[in-house]
Amino acid sequence: MLKYIQETVEYLQNKGFIEPEIGIILGTGLGKLVEEIDIIKKVSYNDIPNFPTATVEFHKGKLIYGILEGKKVIIMQGRFHLYEGYTLQDVTYPVRVMEKLGIKTLLVSNAAGGINLNFKKGELMLIEDHINLQGSSPLAFKGVEILGERFTDMNEPYNKALNAKFKNIAETNNIKLNKGVYASVVGPQLETRAEYKMLKIIGADAVGMSTVPEIIVANHLNLKVAAVSVLTDECDPNNLKPVNIAEIIAMAAKAEPNLITLFKELIKTL
């Protein structure tokens, strides 16, 4: 993997991806942050050596390098998921590449279902901890110790200082920012009533199909990490209705301006 990573890094450096400070992963329906960037370079995932290819229709599949709030950033416009047939190593490969390019901080967004019924769709949730229900680990492969500590400590997977800044920014800008635990499942099917009940019992406040693998690898690489979920639906097992994917995308778009404010204001402080 180290050889593949180096090939990818050299390709991107030759394209002008020089010394980025911050990596950003944009989740489903959350692409408009790109409009805030002074874009220097943009490369399709399909053109990057050894990169997976995005398959989900609402994921743009581009790696973007530019300036945001005075900082050099790399944005993943579209991410990879286990449910697309990728391995956990595929899903997290871009995080390893961004770290080798130079990032020190990783900011992540996703669309998630609200398990905690005190949270409402269209609101945001700052992830303070997570539960990995994807059945494996992106660190579970031969030779992982070459890239970092195999037994990565997950005592504080989400950086407390970054989370404190997010809370202050939300308060200053009158943004409702819930705090909670994110559970990551494989998907792509949505959960049953019984599964939603189980998730609540084990302590999840929101559920989705991404993010946790990237967070694990970011911790493996000693990056500072923070993540925010956009709550696109309310998962009440006693009042469950069929999920409308178009409505989920629309709800993500509704919450996106608040997410953009959080990310931009945080980046100013880094």
# chains A, B, ... in the order shown; residues from 1 in each chain; ligands from 1

$ select_by_dssp --residues "range 105-215 of chain A" --states "helix (DSSP H, G or I)" --output "MDAnalysis selection string"
chainID A and resid 144:146 160:172 193:201 212:215

$ closest_atom_pairs --of "range 148-241 of chain A" --to "range 108-123 of chain A" --cutoff "8 Å" --atoms "only C-alpha atoms" --output "tab-separated table"
residue	atom	partner	partner_atom	distance
A:Lys176	CA	A:Glu123	CA	6.5
A:Leu177	CA	A:Glu123	CA	7.0
A:Asn178	CA	A:Phe119	CA	7.1
A:Tyr196	CA	A:Ile115	CA	7.0
A:Leu199	CA	A:Ile115	CA	7.4
A:Lys200	CA	A:Ile115	CA	6.3
A:Ala204	CA	A:Ile115	CA	6.6
A:Asp205	CA	A:Asn116	CA	4.6
A:Ala206	CA	A:Gly114	CA	4.5
A:Val207	CA	A:Gly113	CA	5.2
A:Gly208	CA	A:Ala112	CA	4.8
A:Ser210	CA	A:Asn110	CA	7.3
A:Thr211	CA	A:Asn110	CA	7.1
A:Val225	CA	A:Val108	CA	7.8
A:Ala226	CA	A:Val108	CA	6.4
A:Ala227	CA	A:Val108	CA	4.5
A:Val228	CA	A:Ser109	CA	5.0
A:Ser229	CA	A:Asn110	CA	4.9
A:Val230	CA	A:Ala111	CA	4.8
A:Leu231	CA	A:Lys121	CA	4.9
A:Thr232	CA	A:Lys121	CA	4.9
A:Asp233	CA	A:Lys121	CA	5.0
A:Glu234	CA	A:Gly114	CA	4.8
A:Cys235	CA	A:Ile115	CA	5.3
A:Asp236	CA	A:Ile115	CA	7.0

$ closest_atom_pairs --of "range 215-255 of chain A" --to "range 132-150 of chain A" --cutoff "12 Å" --atoms "only C-alpha atoms" --output "Markdown table"
| residue | atom | partner | partner_atom | distance |
| --- | --- | --- | --- | --- |
| A:Ile215 | CA | A:Pro138 | CA | 9.9 |
| A:Ile216 | CA | A:Pro138 | CA | 7.3 |
| A:Val217 | CA | A:Pro138 | CA | 6.9 |
| A:Ala218 | CA | A:Gly148 | CA | 10.3 |
| A:Asn219 | CA | A:Gly148 | CA | 9.4 |
| A:His220 | CA | A:Gly148 | CA | 5.8 |
| A:Leu221 | CA | A:Gly148 | CA | 6.2 |
| A:Asn222 | CA | A:Gly148 | CA | 8.6 |
| A:Leu223 | CA | A:Gly148 | CA | 11.6 |

$ closest_residue --among "A:Asn174, A:Asn14, A:Ser184, A:Thr192" --to "Pro237 in chain A" --atoms "only C-alpha atoms"
A:Thr192

$ atom_distance --atom1 "CA of Ile260 in chain A" --atom2 "CA of Ile131 in chain A"
25.6 Å

$ closest_residue --among "A:Met209, A:Ile75, A:Thr53, A:Met98" --to "Lys32 in chain A" --atoms "only C-alpha atoms"
A:Ile75

$ select_by_dssp --residues "range 169-267 of chain A" --states "strand (DSSP E or B)" --output "PyMOL selection string"
chain A and resi 177-184+206-208+224-234

$ closest_atom_pairs --of "range 1-34 of chain A" --to "range 240-259 of chain A" --cutoff "9 Å" --atoms "only C-alpha atoms" --output "Markdown table"
| residue | atom | partner | partner_atom | distance |
| --- | --- | --- | --- | --- |
| A:Thr28 | CA | A:Ile249 | CA | 7.1 |
| A:Gly29 | CA | A:Ile249 | CA | 5.3 |
| A:Leu30 | CA | A:Glu256 | CA | 6.2 |
| A:Gly31 | CA | A:Glu256 | CA | 8.5 |
| A:Lys32 | CA | A:Glu256 | CA | 7.5 |
| A:Leu33 | CA | A:Glu256 | CA | 8.3 |

$ closest_residue --among "A:Ile18, A:Leu262, A:Ile169, A:Met154" --to "Gly102 in chain A" --atoms "only C-alpha atoms"
A:Ile18

$ closest_residue --among "A:Gly180, A:Lys104, A:Glu265, A:Asp129" --to "Asn155 in chain A" --atoms "only C-alpha atoms"
A:Asp129

$ atom_distance --atom1 "CA of Ile5 in chain A" --atom2 "CA of Tyr182 in chain A"
28.9 Å

$ residues_around --residues "range 76-81 of chain A" --least-positions-apart "2" --cutoff "6 Å" --atoms "only C-alpha atoms" --output "PyMOL selection string"
chain A and resi 25-26+59-63+83-84+91

$ write_last_selection --atoms "N, CA and C atoms" --output "compact mmCIF listing (two decimals), in the first residue's frame"
# COMPACT_ATOMS: atom_id res chain seq x y z
N ILE A 25 -13.89 16.04 4.10
CA ILE A 25 -14.68 15.03 3.39
C ILE A 25 -16.14 15.46 3.43
N LEU A 26 -16.73 15.64 2.26
CA LEU A 26 -18.12 16.10 2.16
C LEU A 26 -19.05 14.91 1.95
N HIS A 59 -22.71 11.70 -5.58
CA HIS A 59 -21.35 12.01 -5.15
C HIS A 59 -20.54 12.42 -6.38
N LYS A 60 -19.97 13.60 -6.32
CA LYS A 60 -19.36 14.19 -7.51
C LYS A 60 -18.09 13.48 -7.96
N GLY A 61 -17.32 12.97 -7.02
CA GLY A 61 -16.11 12.24 -7.39
C GLY A 61 -14.96 13.11 -7.84
N LYS A 62 -14.69 14.18 -7.10
CA LYS A 62 -13.56 15.05 -7.44
C LYS A 62 -12.74 15.39 -6.19
N LEU A 63 -11.43 15.47 -6.39
CA LEU A 63 -10.54 15.96 -5.35
C LEU A 63 -10.19 17.40 -5.70
N TYR A 83 -20.79 -0.17 1.10
CA TYR A 83 -21.94 -0.70 0.35
C TYR A 83 -21.78 -0.58 -1.17
N GLU A 84 -20.77 0.15 -1.61
CA GLU A 84 -20.50 0.22 -3.05
C GLU A 84 -19.61 -0.93 -3.52
N VAL A 91 -11.91 2.52 1.11
CA VAL A 91 -12.70 3.63 1.64
C VAL A 91 -11.80 4.69 2.29

$ residues_around --residues "Leu12 in chain A" --least-positions-apart "4" --cutoff "12 Å" --atoms "only C-alpha atoms" --output "list in words"
Ile5, Gln6, Glu7, Thr8, Gly16, Phe17, Ile18, Glu19, Pro20, Lys41, Lys42, Val43, Ser44, Tyr45, Asp47, Ile48, Pro49, Asn50, Phe51, Leu63, Ile64, Tyr65, Ile74, Pro94, Val97, Met98, Lys100, Leu101 and Gly102 of chain A

$ residues_around --residues "Lys179 in chain A" --least-positions-apart "3" --cutoff "9 Å" --atoms "only C-alpha atoms" --output "list in words"
Leu124, Met125, Leu126, Ile127, Glu128 and Asp205 of chain A

$ closest_residue --among "A:Lys167, A:Lys224, A:Lys197, A:Arg96" --to "Leu270 in chain A" --atoms "only C-alpha atoms"
A:Lys224

$ closest_residue --among "A:Leu106, A:Val95, A:Ile22, A:Ala164" --to "Ile67 in chain A" --atoms "only C-alpha atoms"
A:Ile22

$ atom_distance --atom1 "CA of Thr261 in chain A" --atom2 "CA of Lys72 in chain A"
17.5 Å
